[in-house]
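Engineer: The structure file query_34.txt (compact mmCIF, C-alpha atoms) is provided below.
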```txt
# COMPACT_ATOMS: atom_id res chain seq x y z
CA MET A 1 60.77 20.37 -109.44
CA ALA A 2 57.82 18.38 -108.27
CA GLY A 3 54.17 19.26 -108.33
CA PHE A 4 51.26 18.26 -106.16
CA THR A 5 47.67 19.31 -106.75
CA THR A 6 44.39 18.31 -105.21
CA SER A 7 41.08 19.44 -106.59
CA ASN A 8 37.66 17.97 -107.27
CA ASN A 9 38.53 14.61 -105.74
CA ARG A 10 41.65 14.40 -107.79
CA ILE A 11 45.23 14.02 -106.62
CA LYS A 12 47.94 14.60 -109.13
CA VAL A 13 51.69 14.40 -108.64
CA THR A 14 54.17 15.55 -111.24
CA GLN A 15 57.90 15.44 -111.45
CA ASN A 16 60.45 17.04 -113.72
CA VAL A 17 62.20 14.39 -115.76
CA THR A 18 65.37 15.11 -117.73
CA SER A 19 66.06 12.96 -120.72
CA GLY A 20 68.57 13.77 -123.48
CA GLY A 21 69.24 17.17 -121.98
CA VAL A 22 65.55 18.06 -122.14
CA THR A 23 63.56 18.49 -118.95
CA THR A 24 59.82 17.95 -119.02
CA GLU A 25 57.19 17.81 -116.34
CA GLU A 26 55.79 14.27 -116.26
CA THR A 27 52.77 12.99 -114.42
CA VAL A 28 53.83 10.23 -112.07
CA PHE A 29 50.55 9.79 -110.22
CA ASP A 30 47.06 10.81 -111.14
CA THR A 31 43.90 9.53 -109.58
CA ASN A 32 42.06 10.40 -112.77
CA SER A 33 44.14 7.80 -114.62
CA ASP A 34 43.47 4.07 -114.59
CA MET A 35 46.37 2.89 -112.49
CA PRO A 36 46.93 -0.87 -112.26
CA HIS A 37 46.81 -2.17 -108.73
CA ILE A 38 46.33 -5.46 -106.97
CA VAL A 39 43.06 -6.02 -105.11
CA GLY A 40 43.61 -9.56 -103.91
CA THR A 41 45.80 -12.62 -103.90
CA THR A 42 45.02 -16.30 -103.92
CA TYR A 43 47.30 -19.27 -103.30
CA LEU A 44 46.48 -22.51 -105.05
CA SER A 45 48.66 -25.50 -104.31
CA ASN A 46 49.07 -28.75 -106.21
CA GLN A 47 47.15 -27.89 -109.33
CA THR A 48 47.47 -30.93 -111.61
CA VAL A 49 47.58 -30.73 -115.38
CA ASP A 50 47.53 -34.18 -116.92
CA PHE A 51 47.76 -35.30 -120.54
CA SER A 52 46.85 -38.92 -121.16
CA ASN A 53 48.64 -41.47 -123.31
CA MET A 54 48.26 -41.20 -127.05
CA GLY A 55 46.88 -43.95 -129.24
CA GLN A 56 48.02 -45.50 -132.48
CA THR A 57 46.32 -47.14 -135.47
CA GLN A 58 47.50 -49.92 -137.79
CA ASN A 59 46.96 -48.93 -141.42
CA TYR A 60 47.17 -51.21 -144.49
CA ALA A 61 50.15 -50.07 -146.53
CA GLY A 62 50.47 -52.60 -149.37
CA ILE A 63 51.79 -56.03 -150.35
CA ASP A 64 55.32 -57.08 -149.65
CA PHE A 65 56.70 -58.91 -152.71
CA CYS A 66 59.71 -60.95 -151.68
CA SER A 67 61.75 -63.00 -154.14
CA SER A 68 64.54 -64.30 -152.02
CA ASN A 69 63.34 -67.94 -152.18
CA THR A 70 64.44 -68.25 -148.65
CA CYS A 71 61.07 -69.00 -147.23
CA ILE A 72 59.84 -72.45 -148.36
CA GLY A 73 56.45 -73.90 -147.56
CA ASN A 74 54.02 -76.51 -148.88
CA GLU A 75 50.50 -76.38 -150.11
CA TRP A 76 47.82 -78.73 -151.52
CA ASN A 77 46.91 -78.23 -155.15
CA PHE A 78 43.73 -79.75 -156.57
CA THR A 79 43.25 -80.38 -160.32
CA PHE A 80 40.02 -81.41 -162.10
CA THR A 81 40.19 -82.64 -165.69
CA PRO A 82 36.78 -83.02 -167.39
CA GLY A 83 35.93 -86.11 -169.47
CA PHE A 84 36.26 -85.91 -173.25
CA TYR A 85 36.02 -87.96 -176.46
CA THR A 86 39.03 -88.81 -178.54
CA TYR A 87 40.10 -91.15 -181.32
CA GLU A 88 42.48 -94.00 -180.84
CA THR A 89 44.17 -96.28 -183.39
CA GLU A 90 43.09 -99.89 -183.10
CA TYR A 91 45.26 -102.58 -184.69
CA VAL A 92 43.47 -105.70 -185.96
CA TYR A 93 45.05 -109.07 -186.97
CA VAL A 94 42.88 -111.62 -188.75
CA PRO A 95 44.71 -114.97 -189.06
CA GLY A 96 44.70 -116.82 -192.36
CA GLU A 97 42.32 -119.82 -192.66
CA TRP A 98 41.62 -122.82 -194.90
CA ASN A 99 38.11 -123.59 -196.03
CA PHE A 100 37.42 -127.19 -197.14
CA SER A 101 34.50 -128.40 -199.27
CA TYR A 102 33.38 -131.83 -200.82
CA ASP A 103 31.63 -132.06 -204.22
CA PHE A 104 29.28 -135.00 -204.31
CA PHE A 105 28.92 -134.95 -208.08
CA THR A 106 32.57 -135.16 -208.67
CA SER A 107 33.34 -136.91 -205.43
CA SER A 108 36.28 -134.52 -204.96
CA TYR A 109 37.62 -132.38 -202.25
CA SER A 110 38.66 -128.74 -202.67
CA ARG A 111 40.12 -126.22 -200.39
CA THR A 112 40.62 -122.43 -200.37
CA TYR A 113 42.91 -120.43 -198.27
CA THR A 114 42.13 -116.89 -197.04
CA PRO A 115 45.37 -115.19 -196.08
CA SER A 116 45.88 -113.47 -192.78
CA GLN A 117 45.22 -109.73 -192.51
CA PHE A 118 46.74 -106.99 -190.38
CA PHE A 119 45.28 -103.51 -190.45
CA SER A 120 44.54 -100.49 -188.28
CA ARG A 121 41.48 -98.30 -187.82
CA GLN A 122 40.40 -95.22 -185.84
CA VAL A 123 37.86 -95.73 -183.11
CA GLN A 124 36.21 -93.09 -180.92
CA VAL A 125 36.70 -93.52 -177.17
CA TYR A 126 35.54 -91.51 -174.09
CA VAL A 127 38.11 -90.51 -171.51
CA PRO A 128 36.34 -89.98 -168.16
CA SER A 129 36.94 -86.91 -165.95
CA THR A 130 39.63 -87.03 -163.28
CA TYR A 131 40.17 -85.23 -159.95
CA THR A 132 43.69 -85.24 -158.59
CA ARG A 133 45.52 -83.53 -155.77
CA SER A 134 49.16 -82.93 -155.06
CA TYR A 135 51.21 -81.65 -152.18
CA ASP A 136 53.64 -79.12 -153.66
CA THR A 137 56.57 -77.08 -152.48
CA VAL A 138 56.06 -73.28 -152.53
CA PHE A 139 58.90 -70.85 -152.50
CA ASP A 140 58.45 -67.42 -150.82
CA ALA A 141 55.56 -68.94 -148.98
CA CYS A 142 55.83 -66.44 -146.15
CA CYS A 143 57.23 -63.47 -148.07
CA VAL A 144 54.19 -62.65 -150.14
CA THR A 145 52.14 -60.87 -147.49
CA ASP A 146 50.37 -57.65 -146.56
CA TYR A 147 52.30 -55.05 -144.63
CA PHE A 148 51.12 -52.29 -142.34
CA ARG A 149 52.26 -48.92 -141.14
CA TYR A 150 51.36 -47.45 -137.75
CA SER A 151 50.27 -43.85 -137.14
CA VAL A 152 49.70 -41.83 -134.00
CA ASN A 153 46.03 -40.94 -133.63
CA SER A 154 45.35 -37.26 -134.03
CA ARG A 155 43.34 -35.64 -131.27
CA GLU A 156 42.36 -32.29 -129.81
CA VAL A 157 42.00 -32.01 -126.05
CA ASN A 158 40.39 -28.94 -124.50
CA ASN A 159 39.51 -29.02 -120.82
CA THR A 160 38.71 -26.10 -118.53
CA THR A 161 38.20 -26.21 -114.77
CA ASN A 162 37.36 -23.57 -112.21
CA ILE A 163 40.17 -23.36 -109.68
CA ALA A 164 39.22 -20.31 -107.60
CA ASP A 165 36.77 -17.47 -107.12
CA VAL A 166 37.72 -13.87 -107.63
CA PRO A 167 38.01 -11.71 -104.48
CA GLU A 168 34.93 -10.06 -103.04
CA ASP A 169 34.38 -6.51 -101.94
CA GLU A 170 33.13 -5.37 -98.53
CA ASP A 171 29.58 -6.22 -99.52
CA GLY A 172 30.46 -9.75 -100.53
CA ASN A 173 30.17 -9.07 -104.26
CA PRO A 174 32.78 -10.34 -106.70
CA ILE A 175 35.25 -7.66 -107.70
CA ASP A 176 35.35 -6.99 -111.40
CA ILE A 177 38.87 -8.10 -112.22
CA ASP A 178 40.72 -6.54 -115.16
CA PHE A 179 43.79 -8.76 -115.16
CA ILE A 180 45.68 -11.37 -113.22
CA ILE A 181 49.34 -12.07 -112.84
CA VAL A 182 50.21 -15.67 -112.09
CA GLN A 183 53.32 -16.63 -110.20
CA ALA A 184 53.92 -20.34 -110.60
CA THR A 185 56.23 -23.00 -109.31
CA GLY A 186 55.86 -26.18 -111.23
CA SER A 187 57.35 -29.54 -111.95
CA ARG A 188 56.63 -32.46 -114.21
CA SER A 189 55.90 -35.49 -112.07
CA ARG A 190 55.38 -37.83 -115.03
CA ASN A 191 57.70 -37.34 -117.97
CA GLY A 192 55.90 -38.16 -121.17
CA LYS A 193 58.01 -39.64 -123.94
CA ASP A 194 57.99 -39.04 -127.66
CA PRO A 195 56.22 -42.16 -128.99
CA ARG A 196 59.00 -42.67 -131.53
CA PHE A 197 61.93 -42.58 -129.14
CA ASN A 198 62.94 -43.42 -125.64
CA GLN A 199 63.22 -39.71 -124.99
CA THR A 200 61.05 -37.41 -122.89
CA TYR A 201 59.39 -34.35 -124.35
CA VAL A 202 61.19 -31.09 -123.80
CA SER A 203 59.42 -29.30 -121.01
CA GLY A 204 58.61 -25.62 -121.33
CA VAL A 205 58.21 -25.23 -117.58
CA PRO A 206 61.11 -23.36 -115.98
CA PRO A 207 62.71 -25.17 -113.06
CA LYS A 208 62.28 -22.10 -110.86
CA THR A 209 59.35 -19.89 -110.00
CA PHE A 210 58.08 -17.96 -112.98
CA SER A 211 55.35 -15.46 -113.73
CA PHE A 212 53.02 -15.30 -116.65
CA GLN A 213 49.88 -13.70 -117.91
CA GLY A 214 47.76 -15.75 -120.23
CA SER A 215 49.21 -19.01 -121.49
CA VAL A 216 52.27 -21.21 -121.08
CA LEU A 217 53.70 -23.75 -123.50
CA LEU A 218 54.26 -26.96 -121.54
CA GLU A 219 55.50 -29.47 -124.12
CA ALA A 220 56.09 -29.74 -127.84
CA ALA A 221 57.38 -32.22 -130.39
CA ALA A 222 58.33 -31.84 -134.03
CA VAL A 223 59.17 -33.95 -137.06
CA ALA A 224 62.56 -33.90 -138.74
CA ASN A 225 61.97 -30.71 -140.74
CA GLY A 226 60.99 -28.86 -137.59
CA ASN A 227 57.25 -28.76 -138.14
CA SER A 228 55.37 -29.21 -134.91
CA TRP A 229 53.07 -32.21 -134.61
CA MET A 230 52.26 -31.98 -130.89
CA ARG A 231 51.68 -29.07 -128.51
CA ARG A 232 50.51 -28.96 -124.94
CA ILE A 233 49.66 -25.65 -123.28
CA MET A 234 47.85 -24.32 -120.26
CA SER A 235 46.16 -20.99 -119.66
CA VAL A 236 45.02 -19.31 -116.45
CA TYR A 237 42.50 -16.53 -116.80
CA VAL A 238 39.38 -14.98 -115.27
CA SER A 239 35.94 -15.48 -116.71
CA ASN A 240 32.54 -15.07 -115.07
CA ASN A 241 34.08 -14.29 -111.68
CA LYS A 242 36.04 -17.55 -111.72
CA VAL A 243 39.70 -18.28 -112.14
CA LYS A 244 39.90 -20.90 -114.84
CA LEU A 245 42.65 -23.29 -115.74
CA ASN A 246 42.48 -24.46 -119.31
CA LYS A 247 44.64 -27.26 -120.70
CA LYS A 248 44.86 -27.87 -124.41
CA GLU A 249 46.61 -30.52 -126.38
CA SER A 250 46.81 -30.86 -130.12
CA VAL A 251 48.22 -33.96 -131.79
CA ARG A 252 48.66 -34.23 -135.55
CA SER A 253 48.94 -37.77 -136.89
CA ILE A 254 52.42 -38.96 -137.82
CA ASN A 255 53.52 -42.26 -139.34
CA ASN A 256 56.09 -44.60 -137.93
CA GLU A 257 59.07 -45.09 -140.20
CA GLY A 258 59.25 -48.86 -139.95
CA LEU A 259 56.76 -51.32 -141.44
CA ASP A 260 54.70 -53.63 -139.25
CA VAL A 261 56.19 -51.97 -136.19
CA GLY A 262 54.20 -49.91 -133.72
CA PHE A 263 55.48 -46.86 -131.89
CA PRO A 264 57.71 -48.23 -129.16
CA GLN A 265 56.86 -45.55 -126.57
CA ILE A 266 53.19 -45.01 -127.37
CA GLY A 267 52.29 -46.25 -123.92
CA SER A 268 54.58 -43.75 -122.21
CA THR A 269 53.35 -40.51 -123.76
CA ARG A 270 51.40 -39.37 -120.74
CA SER A 271 52.69 -36.31 -118.88
CA THR A 272 51.60 -34.84 -115.59
CA PHE A 273 52.47 -31.40 -114.26
CA ASN A 274 51.93 -30.07 -110.76
CA PHE A 275 51.81 -26.36 -110.05
CA ASN A 276 51.64 -24.15 -107.02
CA LEU A 277 50.04 -20.92 -108.15
CA LYS A 278 49.98 -17.49 -106.57
CA ILE A 279 47.43 -15.36 -108.37
CA PHE A 280 47.43 -11.59 -108.15
CA PHE A 281 44.10 -10.03 -109.03
CA GLY A 282 44.42 -6.63 -110.60
CA ARG A 283 42.26 -3.72 -111.57
CA PHE A 284 42.92 -0.55 -113.47
CA LYS A 285 40.39 1.66 -111.65
CA MET B 286 59.63 7.75 -88.50
CA ALA B 287 57.23 7.41 -91.34
CA ILE B 288 56.54 10.45 -93.46
CA THR B 289 52.91 11.46 -93.51
CA LEU B 290 53.36 14.32 -95.91
CA ASN B 291 56.57 15.87 -97.18
CA ILE B 292 56.59 18.56 -99.81
CA GLN B 293 59.87 19.87 -101.22
CA PRO B 294 60.54 21.88 -104.38
CA THR B 295 61.89 18.78 -106.13
CA ARG B 296 60.02 15.98 -104.41
CA PHE B 297 56.62 15.12 -103.03
CA ARG B 298 56.03 12.23 -100.63
CA ALA B 299 52.98 11.07 -98.71
CA SER B 300 51.71 8.18 -96.65
CA GLY B 301 55.04 6.76 -95.67
CA SER B 302 56.43 7.39 -99.19
CA LYS B 303 53.94 4.99 -100.74
CA LEU B 304 53.19 7.99 -102.89
CA ASP B 305 56.48 9.48 -104.05
CA SER B 306 57.07 11.75 -107.03
CA ASN B 307 60.38 10.01 -107.65
CA ARG B 308 58.51 6.78 -108.50
CA ARG B 309 56.93 5.93 -111.80
CA TYR B 310 53.39 4.77 -111.21
CA ILE B 311 52.12 2.90 -114.17
CA ARG B 312 48.73 3.70 -115.62
CA LYS B 313 46.48 2.45 -118.35
CA VAL B 314 46.46 4.45 -121.56
CA SER B 315 44.75 4.04 -124.89
CA SER B 316 47.73 5.16 -126.97
CA SER B 317 51.47 5.78 -126.72
CA ALA B 318 51.84 2.86 -124.33
CA ASP B 319 55.24 1.97 -122.96
CA LEU B 320 54.28 -1.68 -122.39
CA LYS B 321 51.34 -4.03 -122.68
CA PHE B 322 49.51 -5.99 -120.03
CA VAL B 323 48.32 -9.38 -121.29
CA ILE B 324 44.88 -9.89 -119.82
CA SER B 325 43.71 -13.24 -121.17
CA ARG B 326 44.74 -16.38 -123.03
CA ASN B 327 47.34 -15.69 -125.65
CA MET B 328 48.09 -19.16 -127.06
CA ASP B 329 46.06 -21.79 -128.84
CA VAL B 330 46.87 -25.20 -130.32
CA LYS B 331 45.27 -26.98 -133.26
CA ASN B 332 46.34 -29.65 -135.73
CA GLY B 333 49.57 -30.12 -133.84
CA GLY B 334 50.48 -26.47 -134.27
CA LEU B 335 50.55 -23.35 -132.12
CA ARG B 336 49.19 -19.83 -132.44
CA TYR B 337 50.77 -17.17 -130.28
CA VAL B 338 49.07 -13.81 -129.97
CA ASP B 339 51.63 -11.18 -129.10
CA PRO B 340 50.80 -8.24 -126.82
CA GLN B 341 50.07 -6.09 -129.86
CA GLY B 342 47.37 -8.56 -130.92
CA ASN B 343 49.27 -10.01 -133.88
CA ASN B 344 49.03 -13.74 -134.57
CA SER B 345 52.16 -15.84 -134.95
CA ASP B 346 51.40 -19.33 -136.26
CA ASP B 347 53.66 -22.27 -136.88
CA ASN B 348 53.30 -24.31 -140.05
CA ASN B 349 50.57 -26.67 -138.97
CA TYR B 350 48.20 -24.45 -137.00
CA ASN B 351 44.79 -24.24 -138.66
CA GLY B 352 42.55 -22.99 -135.84
CA THR B 353 40.52 -19.81 -135.53
CA PHE B 354 41.53 -18.58 -132.10
CA SER B 355 41.60 -14.80 -131.84
CA GLY B 356 43.32 -13.53 -128.75
CA THR B 357 43.04 -9.98 -127.61
CA ALA B 358 45.78 -7.42 -127.61
CA GLY B 359 47.25 -6.44 -124.28
CA VAL B 360 46.18 -3.31 -122.47
CA GLY B 361 48.46 -0.31 -122.99
CA ILE B 362 50.40 0.84 -119.95
CA LYS B 363 52.24 4.12 -119.54
CA VAL B 364 55.20 4.30 -117.23
CA THR B 365 56.02 8.00 -117.33
```
Spell out the structure here as structure tokens.
Structural biologist:
Amino acid sequence: MAGFTTSNNRIKVTQNVTSGGVTTEETVFDTNSDMPHIVGTTYLSNQTVDFSNMGQTQNYAGIDFCSSNTCIGNEWNFTFTPGFYTYETEYVYVPGEWNFSYDFFTSSYSRTYTPSQFFSRQVQVYVPSTYTRSYDTVFDACCVTDYFRYSVNSREVNNTTNIADVPEDEDGNPIDIDFIIVQATGSRSRNGKDPRFNQTYVSGVPPKTFSFQGSVLLEAAAVANGNSWMRRIMSVYVSNNKVKLNKKESVRSINNEGLDVGFPQIGSTRSTFNFNLKIFFGRFK
Amino acid sequence: MAITLNIQPTRFRASGSKLDSNRRYIRKVSSSADLKFVISRNMDVKNGGLRYVDPQGNNSDDNNYNGTFSGTAGVGIKVT
């Protein structure tokens, strides 16, 4: 059983629908309802979505204490010793001697003998200051050094461009669009690599034509435990009578595992996507 | 030959069957929707993480997302 009524500028079509042994009369068309429909279509070819290379920063991580004695060098050492007073032992020898004398009254000679002497005594002396230098061997000369760890710079990229106007009505006024459906064919013309590995990001873009409403995940990367540290998405939507393409990238800083070693693929992290878009503009009324 | 108007006890067709009671024309409803139409952006990224707003308007975040994006729920659509 089908029904068709027209009254007061309204067209309504009903149909009996049987489900689970129960038949009910369902409305299949009603001009009083908001029925989605397409009011226009736009083709946009070669829409480019580009994400630039990431950067990295060298961060001080500590001192590397090496004790292998395998790295031998030389260095000058300078030593200053100030002057000072001290006491020294001085040894004195006084030889023995004869003393002669003549007595005129007695007209006689006499002599005396003073024996030799040997003794020591303490005397104060000043030792002047000295300034010496030496050229010494140094072990681990190149092992005691600072070391650094590299990290990917965090960043948030948010860029929106107008890619089309919404359709116009007969009077040339923009139609108030309720929704769009985007049919896309895309490819990645530049394959960005994970900065840690010689491995491209996994692309979220299907190899065939696909449809979406809202946003699409383009690329992602995660650390070992599965937590995401990088996401790249794009969104196509209508705002202020314009079709807008928004690209967003979010990068959370991660550290490189090795010391004193930068990310080997940091210069190859740029990705470029190219899309051909067919946009269906829809309204409910 | 195209059908301009055809009315039978069990079927109604008009305008070359563009309007046909055997079809299920979808329509917007405020409740009891059979599906949702996403009408705007439904993903956001921040701090290396992702927020996905499902058609019901619920947020699904991964571990690192710390943004404030609030997407809108999809519009309810009735099929029958």
Engineer: Could you tell me which of B:Asn291, B:Asn332, B:Ser315, B:Arg298 comes closest to chain A if we count only C-alpha atoms?
Structural biologist: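 Of B:Asn291, B:Asn332, B:Ser315, B:Arg298, the one nearest chain A, counting only C-alpha atoms, is B:Asn332.
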Engineer: Taking only C-alpha atoms into account, report as an NGL selection string which residues of chain A lie within 9 Å of chain B.
Structural biologist: :A and (1-4 or 13-16 or 26-30 or 33-36 or 154-156 or 178-181 or 212-217 or 220-222 or 227-238 or 248-253 or 284)
Engineer: To one decimal in Å, tell me the separation between CA of Ile163 in chain A and CA of Arg336 in chain B.
Structural biologist: 24.7 Å
Engineer: Expressed in Å to a single decimal, how great is the separation between CA of Thr42 in chain A and CA of Asp171 in chain A?
Structural biologist: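 Result for CA of Thr42 in chain A versus CA of Asp171 in chain A: 19.0 Å, one decimal.
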Engineer: CA of Val166 in chain A and CA of Val243 in chain A are how many Å apart?
Structural biologist: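 So the two atoms, CA of Val166 in chain A and CA of Val243 in chain A, lie 6.6 Å apart.
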Engineer: Hey, can I get the axis-aligned box for range 328-338 of chain B? All listed atoms, 8 Å padding on each side, centre and edge lengths in Å to one decimal, as JSON.
Structural biologist:
```
{"center_x": 48.0, "center_y": -22.0, "center_z": -131.4, "size_x": 21.5, "size_y": 32.3, "size_z": 24.7}
```
Engineer: Using N, CA and C atoms, give me range 315-336 of chain B from the structure I just pasted, as a compact mmCIF listing (two decimals), in the first residue's frame.
Structural biologist:
```txt
# COMPACT_ATOMS: atom_id res chain seq x y z
N SER B 315 15.54 15.58 14.37
CA SER B 315 16.19 16.02 15.61
C SER B 315 16.38 14.89 16.59
N SER B 316 15.68 13.79 16.39
CA SER B 316 15.82 12.64 17.29
C SER B 316 15.55 11.37 16.50
N SER B 317 15.90 10.24 17.13
CA SER B 317 15.69 8.92 16.51
C SER B 317 16.34 8.83 15.14
N ALA B 318 17.53 9.38 15.02
CA ALA B 318 18.22 9.37 13.73
C ALA B 318 18.75 7.97 13.42
N ASP B 319 18.76 7.65 12.14
CA ASP B 319 19.35 6.38 11.71
C ASP B 319 20.84 6.54 11.43
N LEU B 320 21.28 7.72 11.06
CA LEU B 320 22.70 7.98 10.83
C LEU B 320 22.97 9.47 11.04
N LYS B 321 24.24 9.80 11.05
CA LYS B 321 24.64 11.19 11.29
C LYS B 321 25.43 11.72 10.09
N PHE B 322 25.13 12.97 9.76
CA PHE B 322 25.90 13.67 8.75
C PHE B 322 26.94 14.54 9.45
N VAL B 323 28.21 14.32 9.17
CA VAL B 323 29.25 15.18 9.72
C VAL B 323 29.28 16.45 8.89
N ILE B 324 29.19 17.59 9.55
CA ILE B 324 29.05 18.84 8.79
C ILE B 324 30.22 19.79 8.96
N SER B 325 31.24 19.42 9.73
CA SER B 325 32.38 20.31 9.86
C SER B 325 33.60 19.52 10.29
N ARG B 326 34.64 20.22 10.68
CA ARG B 326 35.88 19.54 11.09
C ARG B 326 35.61 18.61 12.27
N ASN B 327 36.21 17.46 12.24
CA ASN B 327 35.97 16.51 13.32
C ASN B 327 37.27 15.92 13.86
N MET B 328 38.40 16.54 13.54
CA MET B 328 39.68 16.13 14.11
C MET B 328 40.48 17.38 14.48
N ASP B 329 41.32 17.21 15.48
CA ASP B 329 42.26 18.27 15.85
C ASP B 329 43.54 17.61 16.35
N VAL B 330 44.65 18.32 16.20
CA VAL B 330 45.93 17.81 16.70
C VAL B 330 46.54 18.84 17.64
N LYS B 331 47.23 18.36 18.64
CA LYS B 331 47.91 19.23 19.60
C LYS B 331 48.87 18.37 20.42
N ASN B 332 50.06 18.94 20.66
CA ASN B 332 51.06 18.26 21.49
C ASN B 332 51.39 16.87 20.95
N GLY B 333 51.35 16.74 19.65
CA GLY B 333 51.66 15.45 19.05
C GLY B 333 50.53 14.46 19.10
N GLY B 334 49.40 14.85 19.67
CA GLY B 334 48.28 13.92 19.80
C GLY B 334 47.10 14.32 18.95
N LEU B 335 46.06 13.49 18.97
CA LEU B 335 44.90 13.67 18.10
C LEU B 335 43.62 13.60 18.92
N ARG B 336 42.69 14.50 18.60
CA ARG B 336 41.32 14.39 19.10
C ARG B 336 40.40 14.10 17.93
```
